[in-house]
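Novice: Please find data04.tsv (TSV, C-alpha atoms (C1' of nucleotides)) on the next line:
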chain	number	residue	atom	x	y	z
A	1106	MET	CA	105.58	95.74	91.63
A	1107	ARG	CA	101.87	96.10	92.19
A	1108	LEU	CA	99.39	97.67	89.72
A	1109	ALA	CA	95.73	98.41	90.42
A	1110	THR	CA	92.62	99.93	88.85
A	1111	PHE	CA	89.52	101.38	90.55
A	1112	ASN	CA	86.39	103.01	89.10
A	1113	VAL	CA	85.56	105.37	91.98
A	1114	ASN	CA	82.31	106.98	90.73
A	1115	SER	CA	83.45	110.47	91.82
A	1116	VAL	CA	86.90	110.79	93.42
A	1117	ARG	CA	85.70	113.66	95.60
A	1118	GLN	CA	83.06	111.37	97.13
A	1119	ARG	CA	85.51	108.46	97.39
A	1120	ALA	CA	88.83	109.98	98.50
A	1121	GLY	CA	88.62	108.10	101.83
A	1122	HIS	CA	88.00	104.77	100.10
A	1123	VAL	CA	90.98	105.36	97.80
A	1124	ARG	CA	93.21	106.39	100.71
A	1125	ARG	CA	92.37	103.27	102.70
A	1126	PHE	CA	92.96	101.10	99.60
A	1127	LEU	CA	96.41	102.69	99.12
A	1128	GLU	CA	97.31	102.11	102.77
A	1129	ARG	CA	96.16	98.49	102.76
A	1130	GLN	CA	97.35	97.31	99.32
A	1131	GLN	CA	100.33	99.64	98.78
A	1132	PRO	CA	100.13	99.61	94.96
A	1133	ASP	CA	102.99	101.26	93.06
A	1134	LEU	CA	100.52	102.49	90.43
A	1135	LEU	CA	96.79	102.98	90.87
A	1136	PHE	CA	94.60	104.02	87.93
A	1137	LEU	CA	91.25	105.67	88.62
A	1138	GLN	CA	88.20	106.01	86.40
A	1139	GLU	CA	85.05	108.09	86.65
A	1140	THR	CA	86.82	110.69	88.76
A	1141	ARG	CA	84.07	113.09	87.62
A	1142	CYS	CA	85.98	116.31	88.22
A	1143	ARG	CA	88.20	118.66	86.27
A	1144	ALA	CA	91.96	118.13	86.68
A	1145	GLU	CA	92.30	121.20	88.91
A	1146	GLU	CA	89.57	119.85	91.23
A	1147	PHE	CA	91.33	116.50	91.77
A	1148	PRO	CA	92.06	116.03	95.52
A	1149	ARG	CA	95.77	115.41	94.97
A	1150	LEU	CA	96.89	116.55	98.41
A	1151	GLU	CA	95.00	113.70	100.10
A	1152	PHE	CA	97.19	111.22	98.20
A	1153	GLU	CA	100.44	113.15	98.17
A	1154	ALA	CA	100.37	112.88	101.95
A	1155	LEU	CA	100.69	109.10	101.48
A	1156	GLY	CA	103.63	109.44	99.09
A	1157	TYR	CA	101.65	109.23	95.83
A	1158	ARG	CA	102.01	111.69	92.99
A	1159	ALA	CA	98.83	112.32	91.02
A	1160	HIS	CA	98.05	113.18	87.42
A	1161	ALA	CA	94.42	113.72	86.45
A	1162	VAL	CA	92.62	114.11	83.13
A	1163	GLY	CA	89.18	115.66	83.46
A	1164	GLN	CA	86.47	117.43	81.53
A	1165	PRO	CA	83.80	120.01	82.36
A	1166	GLY	CA	80.35	118.78	83.27
A	1167	GLY	CA	81.12	116.16	85.91
A	1168	ARG	CA	81.41	113.19	83.58
A	1169	ASN	CA	84.10	110.58	82.90
A	1170	GLY	CA	87.61	111.50	84.10
A	1171	VAL	CA	90.70	109.32	84.65
A	1172	ALA	CA	93.81	109.68	86.81
A	1173	VAL	CA	96.95	107.91	87.99
A	1174	LEU	CA	98.39	107.80	91.50
A	1175	ALA	CA	102.00	106.63	91.62
A	1176	ARG	CA	104.66	106.19	94.25
A	1177	VAL	CA	107.27	105.56	91.52
A	1178	PRO	CA	108.46	108.27	89.11
A	1179	PHE	CA	106.51	108.43	85.85
A	1180	ALA	CA	106.01	110.51	82.73
A	1181	VAL	CA	102.64	111.18	81.08
A	1182	VAL	CA	102.83	110.25	77.39
A	1183	ALA	CA	99.16	110.65	76.32
A	1184	GLU	CA	95.96	112.21	77.66
A	1185	ALA	CA	93.71	110.90	74.88
A	1186	LEU	CA	93.45	107.67	72.94
A	1187	PRO	CA	95.31	108.09	69.65
A	1188	GLY	CA	92.88	108.59	66.80
A	1189	ASP	CA	90.52	110.45	69.11
A	1190	ALA	CA	89.11	113.31	67.03
A	1191	ALA	CA	89.42	115.66	70.02
A	1192	ASP	CA	85.94	114.78	71.28
A	1193	GLY	CA	86.83	116.16	74.71
A	1194	GLN	CA	85.88	113.00	76.63
A	1195	ALA	CA	88.34	112.25	79.45
A	1196	ARG	CA	88.66	108.50	79.06
A	1197	TYR	CA	92.36	107.74	78.52
A	1198	LEU	CA	95.72	108.36	80.17
A	1199	GLU	CA	99.01	106.67	79.30
A	1200	ILE	CA	102.22	106.80	81.29
A	1201	VAL	CA	105.72	105.40	81.26
A	1202	ALA	CA	106.96	104.52	84.72
A	1203	GLU	CA	110.55	104.43	85.89
A	1204	GLY	CA	112.08	101.24	84.53
A	1205	GLY	CA	110.23	101.44	81.20
A	1206	LEU	CA	106.81	100.03	82.06
A	1207	ARG	CA	104.20	101.62	79.78
A	1208	ALA	CA	100.67	101.50	81.15
A	1209	ALA	CA	97.36	102.92	79.93
A	1210	CYS	CA	94.36	103.80	82.07
A	1211	LEU	CA	91.09	103.61	80.17
A	1212	TYR	CA	87.42	104.25	80.77
A	1213	LEU	CA	85.63	102.68	77.85
A	1214	PRO	CA	82.27	104.15	76.78
A	1215	ASN	CA	79.33	102.25	78.28
A	1216	GLY	CA	77.40	102.11	75.02
A	1217	ASN	CA	73.90	101.88	76.50
A	1218	SER	CA	73.01	105.57	76.22
A	1219	GLY	CA	72.72	107.65	73.10
A	1220	GLY	CA	70.95	105.00	71.04
A	1221	GLU	CA	72.62	103.53	67.98
A	1222	GLU	CA	75.25	106.28	67.94
A	1223	GLY	CA	76.16	105.56	71.57
A	1224	LEU	CA	76.90	101.93	70.77
A	1225	ALA	CA	78.70	102.89	67.57
A	1226	TYR	CA	80.92	105.27	69.57
A	1227	LYS	CA	81.84	102.46	71.96
A	1228	LEU	CA	82.74	100.11	69.11
A	1229	ARG	CA	84.79	102.78	67.30
A	1230	TRP	CA	86.59	103.51	70.58
A	1231	MET	CA	87.43	99.80	70.87
A	1232	ASP	CA	88.68	99.77	67.28
A	1233	ARG	CA	91.09	102.57	68.13
A	1234	LEU	CA	92.14	100.67	71.26
A	1235	LEU	CA	92.91	97.63	69.09
A	1236	ASP	CA	95.10	99.76	66.83
A	1237	LEU	CA	96.92	101.11	69.85
A	1238	ALA	CA	97.45	97.69	71.44
A	1239	GLU	CA	98.81	96.32	68.17
A	1240	ALA	CA	101.27	99.21	67.86
A	1241	ARG	CA	102.45	98.94	71.47
A	1242	LEU	CA	102.93	95.17	71.25
A	1243	ASP	CA	104.78	95.53	67.94
A	1244	ALA	CA	107.18	97.88	69.71
A	1245	PHE	CA	108.12	95.12	72.21
A	1246	MET	CA	107.84	97.30	75.28
A	1247	PRO	CA	106.45	96.17	78.65
A	1248	PHE	CA	102.82	97.20	78.24
A	1249	ALA	CA	99.63	97.00	80.28
A	1250	LEU	CA	96.03	98.16	79.87
A	1251	LEU	CA	94.05	98.76	83.05
A	1252	GLY	CA	90.60	100.15	83.59
A	1253	ASP	CA	86.85	99.95	83.25
A	1254	PHE	CA	86.33	98.24	79.89
A	1255	ASN	CA	82.52	98.15	80.23
A	1256	VAL	CA	82.62	94.64	78.72
A	1257	CYS	CA	81.73	91.32	80.38
A	1258	PRO	CA	84.05	89.14	78.28
A	1259	THR	CA	82.12	85.86	78.69
A	1260	GLU	CA	78.97	84.48	80.31
A	1261	GLU	CA	81.12	83.54	83.32
A	1262	ASP	CA	81.72	87.24	83.90
A	1263	LEU	CA	78.21	88.17	85.03
A	1264	ALA	CA	75.63	86.80	87.43
A	1265	PRO	CA	72.95	84.89	85.54
A	1266	GLY	CA	70.20	87.29	84.53
A	1267	ALA	CA	72.09	90.36	85.76
A	1268	LEU	CA	71.85	92.00	82.32
A	1269	ALA	CA	69.45	91.89	79.41
A	1270	PRO	CA	70.92	89.97	76.46
A	1271	THR	CA	70.74	93.20	74.46
A	1272	ASP	CA	72.87	95.19	76.94
A	1273	ALA	CA	75.92	96.93	75.44
A	1274	LEU	CA	78.15	95.33	78.13
A	1275	VAL	CA	77.55	91.90	76.59
A	1276	HIS	CA	77.17	93.03	72.98
A	1277	PRO	CA	78.70	90.43	70.61
A	1278	GLU	CA	80.68	93.10	68.72
A	1279	ALA	CA	82.12	94.50	71.98
A	1280	ARG	CA	83.01	91.01	73.17
A	1281	ALA	CA	84.65	90.23	69.83
A	1282	ARG	CA	86.84	93.32	70.16
A	1283	PHE	CA	87.82	92.33	73.71
A	1284	ARG	CA	88.79	88.88	72.44
A	1285	ALA	CA	90.82	90.55	69.69
A	1286	LEU	CA	92.90	92.26	72.40
A	1287	LEU	CA	93.67	88.81	73.82
A	1288	PHE	CA	94.46	87.39	70.36
A	1289	PHE	CA	97.03	90.16	69.90
A	1290	GLY	CA	98.86	88.66	72.87
A	1291	LEU	CA	97.48	90.47	75.91
A	1292	THR	CA	96.73	88.37	78.99
A	1293	ASP	CA	93.62	88.85	81.14
A	1294	ALA	CA	95.52	88.81	84.45
A	1295	LEU	CA	92.62	87.81	86.68
A	1296	ARG	CA	91.51	84.93	84.45
A	1297	ALA	CA	95.10	83.75	83.97
A	1298	LEU	CA	95.33	83.00	87.69
A	1299	HIS	CA	91.64	82.31	88.47
A	1300	PRO	CA	90.22	80.72	85.31
A	1301	HIS	CA	86.74	79.82	86.49
A	1302	ASP	CA	86.16	81.56	89.83
A	1303	ARG	CA	83.00	83.62	90.21
A	1304	LEU	CA	84.69	87.02	90.27
A	1305	TYR	CA	82.93	90.35	89.84
A	1306	THR	CA	84.18	93.93	89.99
A	1307	TYR	CA	80.85	95.80	89.88
A	1308	TRP	CA	77.60	95.43	91.78
A	1309	ASP	CA	74.61	97.71	91.32
A	1310	TYR	CA	73.61	99.86	94.29
A	1311	GLY	CA	70.88	98.17	96.35
A	1312	PRO	CA	70.84	94.46	97.28
A	1313	ALA	CA	73.11	93.31	94.41
A	1314	PHE	CA	76.34	93.22	96.47
A	1315	GLU	CA	75.06	91.12	99.35
A	1316	GLU	CA	73.37	88.80	96.84
A	1317	ASN	CA	76.60	88.77	94.76
A	1318	ARG	CA	74.76	89.63	91.58
A	1319	GLY	CA	77.61	91.41	89.86
A	1320	LEU	CA	79.58	91.94	86.68
A	1321	ARG	CA	83.28	91.60	85.80
A	1322	ILE	CA	83.96	94.67	83.67
A	1323	ASP	CA	87.17	96.12	85.21
A	1324	HIS	CA	90.23	94.41	83.78
A	1325	ILE	CA	94.03	94.27	83.80
A	1326	LEU	CA	95.52	93.16	80.47
A	1327	LEU	CA	99.25	92.45	80.36
A	1328	GLY	CA	101.67	92.26	77.46
A	1329	PRO	CA	103.76	89.06	77.14
A	1330	ASP	CA	106.78	90.16	79.17
A	1331	LEU	CA	104.61	91.43	82.03
A	1332	ALA	CA	102.37	88.35	81.92
A	1333	GLU	CA	105.46	86.20	82.50
A	1334	ARG	CA	106.09	88.14	85.70
A	1335	LEU	CA	102.49	87.83	86.98
A	1336	SER	CA	102.49	86.35	90.49
A	1337	GLY	CA	99.15	87.44	91.95
A	1338	CYS	CA	95.88	89.08	90.97
A	1339	GLY	CA	92.59	89.72	92.73
A	1340	VAL	CA	89.51	91.81	93.30
A	1341	ASP	CA	89.57	93.76	96.58
A	1342	VAL	CA	85.93	93.75	97.69
A	1343	ALA	CA	86.64	95.60	100.96
A	1344	PRO	CA	86.04	99.12	99.54
A	1345	ARG	CA	82.71	97.95	98.07
A	1346	ALA	CA	81.61	96.85	101.58
A	1347	GLU	CA	82.42	100.21	103.20
A	1348	PRO	CA	79.72	102.86	103.74
A	1349	GLN	CA	78.93	105.10	100.72
A	1350	PRO	CA	80.96	102.95	98.34
A	1351	SER	CA	81.63	103.18	94.64
A	1352	ASP	CA	79.57	100.62	92.74
A	1353	HIS	CA	82.91	99.13	91.53
A	1354	ALA	CA	85.67	97.32	93.46
A	1355	PRO	CA	89.41	97.70	92.71
A	1356	VAL	CA	91.38	95.03	90.83
A	1357	TRP	CA	95.09	94.59	91.56
A	1358	CYS	CA	97.97	92.47	90.29
A	1359	THR	CA	101.51	91.79	91.45
A	1360	LEU	CA	104.48	91.40	89.09
A	1361	ARG	CA	107.72	89.65	90.09
B	1082	DA	C1'	65.36	93.96	82.02
B	1083	DT	C1'	64.87	98.48	84.74
B	1084	DG	C1'	66.54	102.88	87.46
B	1085	DG	C1'	63.80	100.88	92.37
B	1086	DC	C1'	70.25	104.05	93.29
B	1087	DA	C1'	73.84	107.50	93.13
B	1088	DG	C1'	76.52	111.67	91.37
B	1089	DG	C1'	76.69	115.91	89.05
B	1090	DG	C1'	75.05	120.05	86.97
B	1091	DT	C1'	71.39	122.98	86.45
B	1092	DG	C1'	67.94	125.54	88.17
B	1093	DG	C1'	63.51	123.78	91.41
B	1094	DC	C1'	64.43	118.05	87.10
B	1095	DC	C1'	67.40	115.86	83.70
B	1096	DC	C1'	71.19	113.00	82.12
B	1097	DT	C1'	74.34	109.19	82.75
B	1098	DG	C1'	75.91	105.11	84.65
B	1099	DA	C1'	75.81	99.51	83.80
What is this file in structure tokens?

Specialist:
Amino acid sequence: MRLATFNVNSVRQRAGHVRRFLERQQPDLLFLQETRCRAEEFPRLEFEALGYRAHAVGQPGGRNGVAVLARVPFAVVAEALPGDAADGQARYLEIVAEGGLRAACLYLPNGNSGGEEGLAYKLRWMDRLLDLAEARLDAFMPFALLGDFNVCPTEEDLAPGALAPTDALVHPEARARFRALLFFGLTDALRALHPHDRLYTYWDYGPAFEENRGLRIDHILLGPDLAERLSGCGVDVAPRAEPQPSDHAPVWCTLR
DNA sequence: ATGGCAGGGTGGCCCTGA
């Protein structure tokens, strides 16, 4: 089984990139972030033609937005992070796939805009994510978190000097919460198989990609039973090298 | 150490992203 996550920075602009990724990598489940359209505007037909069923969560105003594309049967179990006081932000989608795999797609708040309150919102969102991860792991079900976490977990996860030390993506409190997810028993799939490789999932528009000045902020975290089945994981940089790309590249993993 | 990009919505610029 293959899982993948891709921040597309507008799915309507990037439908071709997604289609080519599906054809090349053949994931069973692909989670999208920053779809930036309402659910009814999601270009589902483009993907249904390839055998993928879509479910999108959107919001008015062209911001945020998450979705799943699946070629295995699935049920949607949540369209908001539990504890979310109905703030209307489309950042979370949780499904149960055929066979019992429970997987959540998340688009964590960036935390750099909106001043102190913007950062506080990010940290509160991570607190709720910690509560959720704890509950799911306590329930002993095959569980995975995939998405744009907007956190560089360690100094190995960004090009030197790529961010100011005060940036919300490297904020000590955000990093501490990411580590707490790992302490609960989730495995960072990419680092489990590639502990010290220079691996990034985001490069700013401009010369950053060809200079490989990037960030690793898109992650796949696996519960214990899924981590035991992990046989491969990587960043697919091909979509980032295509014309008119997203600023992110997809991350995928394969489970035995 | 930022917006010099890029996308979207609104209205003929502003906000957000990271």

Novice: When you draw a straight line from CA of Leu1326 in chain A to CA of Asp1133 in chain A, how long is it in Å?

Specialist: 16.7 Å

Novice: As a JSON list (two decimals) with C-alpha atoms, in the frame of the given file, please: the residues near DG1085 in chain B (cut-off 12 Å, all atoms listed in the file, same-chain neighbours under 4 positions excluded).

Specialist:
[["chain", "number", "residue", "atom", "x", "y", "z"],
["A", 1309, "ASP", "CA", 74.61, 97.71, 91.32],
["A", 1310, "TYR", "CA", 73.61, 99.86, 94.29],
["A", 1311, "GLY", "CA", 70.88, 98.17, 96.35],
["A", 1312, "PRO", "CA", 70.84, 94.46, 97.28]]

Novice: Go through A:Trp1230, A:Ser1351, A:Ala1294, A:Gly1166 and flag the residue nearest DT1091 in chain B, using all atoms listed in the file for the distances.

Specialist: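 Using all atoms listed in the file, the shortest distance to DT1091 in chain B belongs to A:Gly1166.
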
Novice: Would you mind listing, for every residue of chain A within 8 Å of chain B, the two atoms forming the shortest contact and the distance between them in Å to one decimal, using all atoms listed in the file, sorted by chain and ascending residue number, as a tab-separated table?

Specialist:
residue	atom	partner	partner_atom	distance
A:Asn1114	CA	B:DG1088	C1'	7.5
A:Ser1115	CA	B:DG1088	C1'	7.0
A:Gly1166	CA	B:DG1090	C1'	6.6
A:Gly1167	CA	B:DG1089	C1'	5.4
A:Arg1168	CA	B:DG1089	C1'	7.7
A:Asn1215	CA	B:DA1099	C1'	7.1
A:Asn1217	CA	B:DA1099	C1'	7.9
A:Ser1218	CA	B:DT1097	C1'	7.6
A:Asn1255	CA	B:DA1099	C1'	7.7
A:Leu1268	CA	B:DA1082	C1'	6.8
A:Ala1269	CA	B:DA1082	C1'	5.3
A:Leu1274	CA	B:DA1099	C1'	7.4
A:Asp1309	CA	B:DA1099	C1'	7.8
A:Tyr1310	CA	B:DC1086	C1'	5.5
A:Gly1311	CA	B:DC1086	C1'	6.7

Novice: What does the distance from CA of Pro1132 in chain A to CA of Pro1258 in chain A come to in Å, to one decimal?

Specialist: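 Those two atoms sit 25.4 Å apart.
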
Novice: Have a look at CA of Val1116 in chain A and CA of Glu1139 in chain A and let me know their distance in Å, one decimal.

Specialist: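 We find that CA of Val1116 in chain A and CA of Glu1139 in chain A lie 7.5 Å from each other.
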
Novice: Quick one: of A:Cys1210, A:Ile1325, A:Ala1297, A:Ala1285, who's nearest to Asp1236 in chain A, counting all atoms listed in the file?

Specialist: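 Nearest to Asp1236 in chain A: A:Ala1285.
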
Novice: Need to verify the contact set: Phe1111 in chain A, 12 Å, all atoms listed in the file, exclusion of same-chain residues closer than 2 positions in sequence. Can you return it as an MDAnalysis selection string?

Specialist: chainID A and resid 1108:1109 1113:1116 1119:1120 1122:1124 1126:1127 1132 1134:1140 1171:1174 1210:1212 1251:1254 1306:1307 1322:1325 1340:1342 1344:1345 1350:1357

Novice: Just the residues within 9 Å of range 1177-1190 of chain A, please, counting all atoms listed in the file, with nothing from its chain fewer than 3 positions along; format it as number ranges by chain.

Specialist: A: 1133-1134, 1157-1158, 1160, 1162, 1193-1203, 1209, 1211, 1230, 1233-1234, 1236-1237

Novice: Between A:Arg1280, A:Pro1165, A:Glu1151, A:Gln1131, which is the closest to Met1106 in chain A once you count all atoms listed in the file?

Specialist: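 Answer, going by the shortest atom-to-atom distance: A:Gln1131.
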